[in-house]
Amino acid sequence: MSDDFNLESISRNYDVVLVDASAIINPFKFLKGLPRGQKIAFANLEESYLDSLSRLINEDKPFFVTSNILEEIRHVKNPGIYRKNLRKCASPLKENFLPAVTIERLSSKRNRLVSTLINKDHVISFEESDHVDYHSLVEEYDHFKEKYDLSEIDYDFLMSVFALVRNPMNVAVLSNDDGMRKTIDFIKFTFQYSSSRLSFFKSFGLRSFMAQDNYMEELEKAKREYIPLRA
């Protein structure tokens with residue numbers, strides 16, 4: 001099967017791939033104003049992305065979430081709420097709304113991903129454990145929350161990343177959150193972690209994840225070629 005989203009390539013090079021909510025919950029905000037056909041094509045690709053992530057986790061590839069991120073994803077499991085939010089983001093014009101059946105399918109795919117993460121035990125929870133490194137890091141770097149404008153959930157995620165790297169493990173982070181990226185950059189610079197030890201991957205175009213080092217180059221290429229949807 002082709003690695004359309006670069007997920008398999010990432011999983012081969014890291015012991016743990018920790019996935020942020022922003023890499024799972026797609027707000028669809030940039031769909032506003034696009035023709036209905038392009039919105040549907042995007043939604044179809046999003047389904048494929050969620051299917052790929054679920055499949056890789058079922059195959060025991062090292063994709064994990066924290067317990068807090070899992071709960072954040074649960075907030076969009078309800079199809080009614082998801083439909084309302086998606087339609088609000090997708091377009092102010094009723095005739096450009098995504099079909100209800102499309103939104104229901106996306107909700108179903110997201111529900112399946114949540115269930116897969118739980119059933120395969122791919123949920124990390126240091127917060128309620130006696131993990132010494134994690135708890136000492138949480139106390140030591142508490143100032144990060146204000147410095148990088150991090151929520152409690154994001155801070156727990158980042159300290160989990162830090163604890164894993166210190167274990168030591170090779171860790172990849174999938175996220176579209178700039179605050180997280182800045183914190184990861186600080187950790188890498190301060191402790192001189194190479195990209196093989198700790199790397200931040202951000203999606204460009206639609207759900208194809210690239211290392212942050214290559215992100216701007218790939219984004220500019222996508223803009224020049226204007227390929228909003230992958231074949």
# chains A, B, ... in the order shown; residues from 1 in each chain; ligands from 1
>>> select_by_dssp(residues="segment 93-181 of chain A", states="strand (DSSP E)", output="PyMOL selection string")
chain A and resi 123-124+171-174
>>> write_last_selection(atoms="C-alpha atoms", output="PDB file, in the first residue's frame")
ATOM      1  CA  VAL A 123      -2.341   5.601  24.907  1.00  0.00           C
ATOM      2  CA  ILE A 124       0.438   7.010  27.101  1.00  0.00           C
ATOM      3  CA  VAL A 171      10.681  10.259  19.211  1.00  0.00           C
ATOM      4  CA  ALA A 172       8.730  11.920  16.415  1.00  0.00           C
ATOM      5  CA  VAL A 173       5.967  14.435  17.051  1.00  0.00           C
ATOM      6  CA  LEU A 174       3.077  14.911  14.613  1.00  0.00           C
TER       7      LEU A 174
END
>>> residues_around(residues="Leu70 of chain A", least_positions_apart="4", cutoff="12 Å", atoms="only C-alpha atoms", output="list of chain:residue names")
A:Leu18, A:Val19, A:Asp20, A:Ala21, A:Ser22, A:Ile24, A:Ile25, A:Phe64, A:Val65, A:Thr66, A:Arg74, A:His75, A:Val76, A:Lys77, A:Arg110, A:Asn111, A:Leu113, A:Val114, A:Ser115, A:Thr116, A:Leu117, A:Ile118, A:Asp121, A:His122, A:Val123, A:Ile124, A:Ser125, A:Ile153, A:Phe157
>>> write_last_selection(atoms="N, CA and C atoms", output="mmCIF file, in the first residue's frame")
data_model
loop_
_atom_site.group_PDB
_atom_site.id
_atom_site.type_symbol
_atom_site.label_atom_id
_atom_site.label_comp_id
_atom_site.auth_asym_id
_atom_site.auth_seq_id
_atom_site.Cartn_x
_atom_site.Cartn_y
_atom_site.Cartn_z
ATOM 1 N N LEU A 18 4.465 10.324 18.621
ATOM 2 C CA LEU A 18 3.407 10.852 19.479
ATOM 3 C C LEU A 18 2.572 11.846 18.670
ATOM 4 N N VAL A 19 1.271 11.593 18.616
ATOM 5 C CA VAL A 19 0.374 12.341 17.736
ATOM 6 C C VAL A 19 -0.448 13.338 18.550
ATOM 7 N N ASP A 20 -0.359 14.588 18.160
ATOM 8 C CA ASP A 20 -1.125 15.654 18.809
ATOM 9 C C ASP A 20 -2.539 15.701 18.233
ATOM 10 N N ALA A 21 -3.462 16.303 18.988
ATOM 11 C CA ALA A 21 -4.852 16.414 18.515
ATOM 12 C C ALA A 21 -4.942 17.177 17.200
ATOM 13 N N SER A 22 -4.057 18.164 17.004
ATOM 14 C CA SER A 22 -4.110 18.966 15.771
ATOM 15 C C SER A 22 -3.750 18.148 14.538
ATOM 16 N N ILE A 24 -5.006 15.145 14.214
ATOM 17 C CA ILE A 24 -6.138 14.226 14.075
ATOM 18 C C ILE A 24 -7.439 14.981 13.829
ATOM 19 N N ILE A 25 -7.645 16.037 14.581
ATOM 20 C CA ILE A 25 -8.867 16.837 14.428
ATOM 21 C C ILE A 25 -8.604 17.917 13.400
ATOM 22 N N PHE A 64 1.183 6.803 18.942
ATOM 23 C CA PHE A 64 0.561 6.881 20.259
ATOM 24 C C PHE A 64 -0.041 8.269 20.481
ATOM 25 N N VAL A 65 -0.969 8.345 21.421
ATOM 26 C CA VAL A 65 -1.464 9.633 21.906
ATOM 27 C C VAL A 65 -1.348 9.615 23.433
ATOM 28 N N THR A 66 -1.372 10.785 24.048
ATOM 29 C CA THR A 66 -1.455 10.837 25.509
ATOM 30 C C THR A 66 -2.919 10.674 25.909
ATOM 31 N N ARG A 74 -12.100 12.812 21.832
ATOM 32 C CA ARG A 74 -13.446 12.332 22.162
ATOM 33 C C ARG A 74 -14.488 13.442 22.046
ATOM 34 N N HIS A 75 -14.094 14.668 22.236
ATOM 35 C CA HIS A 75 -15.045 15.783 22.199
ATOM 36 C C HIS A 75 -15.679 15.957 20.823
ATOM 37 N N VAL A 76 -15.032 15.430 19.775
ATOM 38 C CA VAL A 76 -15.618 15.561 18.432
ATOM 39 C C VAL A 76 -16.186 14.234 17.945
ATOM 40 N N LYS A 77 -16.340 13.265 18.860
ATOM 41 C CA LYS A 77 -16.891 11.975 18.437
ATOM 42 C C LYS A 77 -18.379 12.054 18.120
ATOM 43 N N ARG A 110 -13.330 8.714 12.685
ATOM 44 C CA ARG A 110 -12.668 9.252 13.868
ATOM 45 C C ARG A 110 -12.987 8.380 15.094
ATOM 46 N N ASN A 111 -14.229 7.940 15.203
ATOM 47 C CA ASN A 111 -14.612 7.047 16.290
ATOM 48 C C ASN A 111 -13.803 5.749 16.245
ATOM 49 N N LEU A 113 -10.837 5.353 14.978
ATOM 50 C CA LEU A 113 -9.462 5.636 15.386
ATOM 51 C C LEU A 113 -9.341 5.673 16.907
ATOM 52 N N VAL A 114 -10.291 6.325 17.565
ATOM 53 C CA VAL A 114 -10.284 6.383 19.028
ATOM 54 C C VAL A 114 -10.348 4.973 19.610
ATOM 55 N N SER A 115 -11.249 4.155 19.090
ATOM 56 C CA SER A 115 -11.388 2.777 19.572
ATOM 57 C C SER A 115 -10.118 1.970 19.336
ATOM 58 N N THR A 116 -9.479 2.171 18.187
ATOM 59 C CA THR A 116 -8.250 1.451 17.860
ATOM 60 C C THR A 116 -7.132 1.825 18.816
ATOM 61 N N LEU A 117 -6.996 3.109 19.112
ATOM 62 C CA LEU A 117 -5.970 3.562 20.052
ATOM 63 C C LEU A 117 -6.150 2.899 21.423
ATOM 64 N N ILE A 118 -7.398 2.805 21.864
ATOM 65 C CA ILE A 118 -7.695 2.214 23.172
ATOM 66 C C ILE A 118 -7.464 0.704 23.145
ATOM 67 N N ASP A 121 -3.925 -0.374 23.040
ATOM 68 C CA ASP A 121 -3.148 0.159 24.162
ATOM 69 C C ASP A 121 -2.062 1.122 23.674
ATOM 70 N N HIS A 122 -2.449 2.011 22.785
ATOM 71 C CA HIS A 122 -1.522 3.015 22.250
ATOM 72 C C HIS A 122 -1.797 4.385 22.867
ATOM 73 N N VAL A 123 -2.077 4.372 24.155
ATOM 74 C CA VAL A 123 -2.341 5.601 24.907
ATOM 75 C C VAL A 123 -1.325 5.685 26.038
ATOM 76 N N ILE A 124 -0.589 6.792 26.084
ATOM 77 C CA ILE A 124 0.438 7.010 27.101
ATOM 78 C C ILE A 124 -0.133 7.896 28.200
ATOM 79 N N SER A 125 0.084 7.487 29.445
ATOM 80 C CA SER A 125 -0.418 8.280 30.574
ATOM 81 C C SER A 125 0.628 8.342 31.669
ATOM 82 N N ILE A 153 -3.128 20.538 28.570
ATOM 83 C CA ILE A 153 -3.073 19.331 27.730
ATOM 84 C C ILE A 153 -1.813 19.332 26.870
ATOM 85 N N PHE A 157 1.506 16.846 27.043
ATOM 86 C CA PHE A 157 1.976 16.196 25.819
ATOM 87 C C PHE A 157 3.484 16.410 25.654
#
>>> closest_residue(among="A:Leu98, A:Val17, A:Leu7, A:Leu50", to="Pro35 of chain A", atoms="only C-alpha atoms")
A:Leu98
>>> atom_distance(atom1="atom CA of Glu140 of chain A", atom2="atom CA of Asn13 of chain A")
29.4 Å
>>> residues_around(residues="Asp149 of chain A", least_positions_apart="4", cutoff="9 Å", atoms="only C-alpha atoms", output="CSV table (one decimal) with C-alpha atoms, in the first residue's frame")
chain,number,residue,atom,x,y,z
A,144,PHE,CA,7.0,26.9,29.5
A,145,LYS,CA,3.2,27.1,29.8
A,179,GLY,CA,3.6,26.6,20.3
>>> residues_around(residues="Ala163 of chain A", least_positions_apart="6", cutoff="8 Å", atoms="only C-alpha atoms", output="short mmCIF file (atom, residue, chain, number, x, y, z; two decimals) with C-alpha atoms, in the first residue's frame")
data_model
loop_
_atom_site.label_atom_id
_atom_site.label_comp_id
_atom_site.auth_asym_id
_atom_site.auth_seq_id
_atom_site.Cartn_x
_atom_site.Cartn_y
_atom_site.Cartn_z
CA ASP A 133 11.40 11.74 34.79
CA TYR A 134 7.98 12.99 33.74
CA LEU A 137 10.23 17.66 34.16
#
>>> closest_residue(among="A:Phe162, A:Val101, A:Asn6, A:Ile69", to="Tyr193 of chain A", atoms="only C-alpha atoms")
A:Phe162
>>> residues_around(residues="Ile10 of chain A", least_positions_apart="6", cutoff="12 Å", atoms="only C-alpha atoms", output="ChimeraX atom specification")
/A:3-4,16-19,53,56,61-63,170-174,195-196,198-202,208-211
>>> write_last_selection(atoms="N, CA and C atoms", output="short mmCIF file (atom, residue, chain, number, x, y, z; two decimals), in the first residue's frame")
data_model
loop_
_atom_site.label_atom_id
_atom_site.label_comp_id
_atom_site.auth_asym_id
_atom_site.auth_seq_id
_atom_site.Cartn_x
_atom_site.Cartn_y
_atom_site.Cartn_z
N ASP A 3 2.38 4.93 0.69
CA ASP A 3 2.46 5.73 1.91
C ASP A 3 2.06 7.16 1.58
N ASP A 4 0.76 7.38 1.32
CA ASP A 4 0.30 8.67 0.83
C ASP A 4 0.52 9.82 1.80
N VAL A 16 8.89 5.89 18.96
CA VAL A 16 7.55 6.37 19.32
C VAL A 16 7.21 7.55 18.43
N VAL A 17 6.00 7.54 17.88
CA VAL A 17 5.46 8.69 17.15
C VAL A 17 4.28 9.19 17.95
N LEU A 18 4.46 10.32 18.62
CA LEU A 18 3.41 10.85 19.48
C LEU A 18 2.57 11.85 18.67
N VAL A 19 1.27 11.59 18.62
CA VAL A 19 0.37 12.34 17.74
C VAL A 19 -0.45 13.34 18.55
N LEU A 53 -4.11 5.87 9.46
CA LEU A 53 -3.62 5.94 10.83
C LEU A 53 -4.16 4.76 11.65
N LEU A 56 -2.32 1.51 10.58
CA LEU A 56 -0.94 1.41 11.08
C LEU A 56 -0.91 1.09 12.57
N LYS A 61 2.32 -0.36 14.55
CA LYS A 61 3.28 0.70 14.28
C LYS A 61 3.23 1.69 15.46
N PRO A 62 4.33 2.37 15.75
CA PRO A 62 4.46 3.09 17.03
C PRO A 62 3.76 4.45 17.12
N PHE A 63 2.53 4.55 16.70
CA PHE A 63 1.76 5.79 16.82
C PHE A 63 0.98 5.77 18.14
N ASN A 170 13.96 7.29 20.49
CA ASN A 170 13.88 8.20 19.34
C ASN A 170 12.41 8.53 19.13
N VAL A 171 12.08 9.83 19.18
CA VAL A 171 10.68 10.26 19.21
C VAL A 171 10.38 11.23 18.08
N ALA A 172 9.25 10.99 17.41
CA ALA A 172 8.73 11.92 16.42
C ALA A 172 7.42 12.49 16.94
N VAL A 173 7.20 13.76 16.65
CA VAL A 173 5.97 14.43 17.05
C VAL A 173 5.21 14.84 15.80
N LEU A 174 3.94 14.46 15.70
CA LEU A 174 3.08 14.91 14.61
C LEU A 174 2.15 15.98 15.17
N SER A 195 18.04 15.23 14.93
CA SER A 195 16.71 14.97 14.37
C SER A 195 16.36 13.49 14.41
N SER A 196 17.38 12.63 14.52
CA SER A 196 17.09 11.20 14.64
C SER A 196 16.60 10.85 16.04
N LEU A 198 14.90 13.33 18.09
CA LEU A 198 13.65 14.06 18.31
C LEU A 198 13.38 14.91 17.09
N SER A 199 12.19 14.73 16.51
CA SER A 199 11.86 15.50 15.30
C SER A 199 10.39 15.89 15.31
N PHE A 200 10.13 17.05 14.76
CA PHE A 200 8.77 17.60 14.69
C PHE A 200 8.28 17.53 13.25
N PHE A 201 7.14 16.91 13.03
CA PHE A 201 6.57 16.77 11.69
C PHE A 201 5.26 17.55 11.62
N LYS A 202 5.14 18.35 10.58
CA LYS A 202 3.96 19.18 10.38
C LYS A 202 3.38 18.85 9.01
N SER A 208 -0.03 15.45 4.43
CA SER A 208 1.25 14.80 4.18
C SER A 208 2.25 15.41 5.13
N PHE A 209 2.82 14.60 6.01
CA PHE A 209 3.65 15.14 7.08
C PHE A 209 5.11 15.20 6.67
N MET A 210 5.72 16.38 6.90
CA MET A 210 7.12 16.60 6.59
C MET A 210 7.84 17.07 7.84
N ALA A 211 9.11 16.72 7.95
CA ALA A 211 9.91 17.23 9.06
C ALA A 211 9.95 18.74 8.99
#
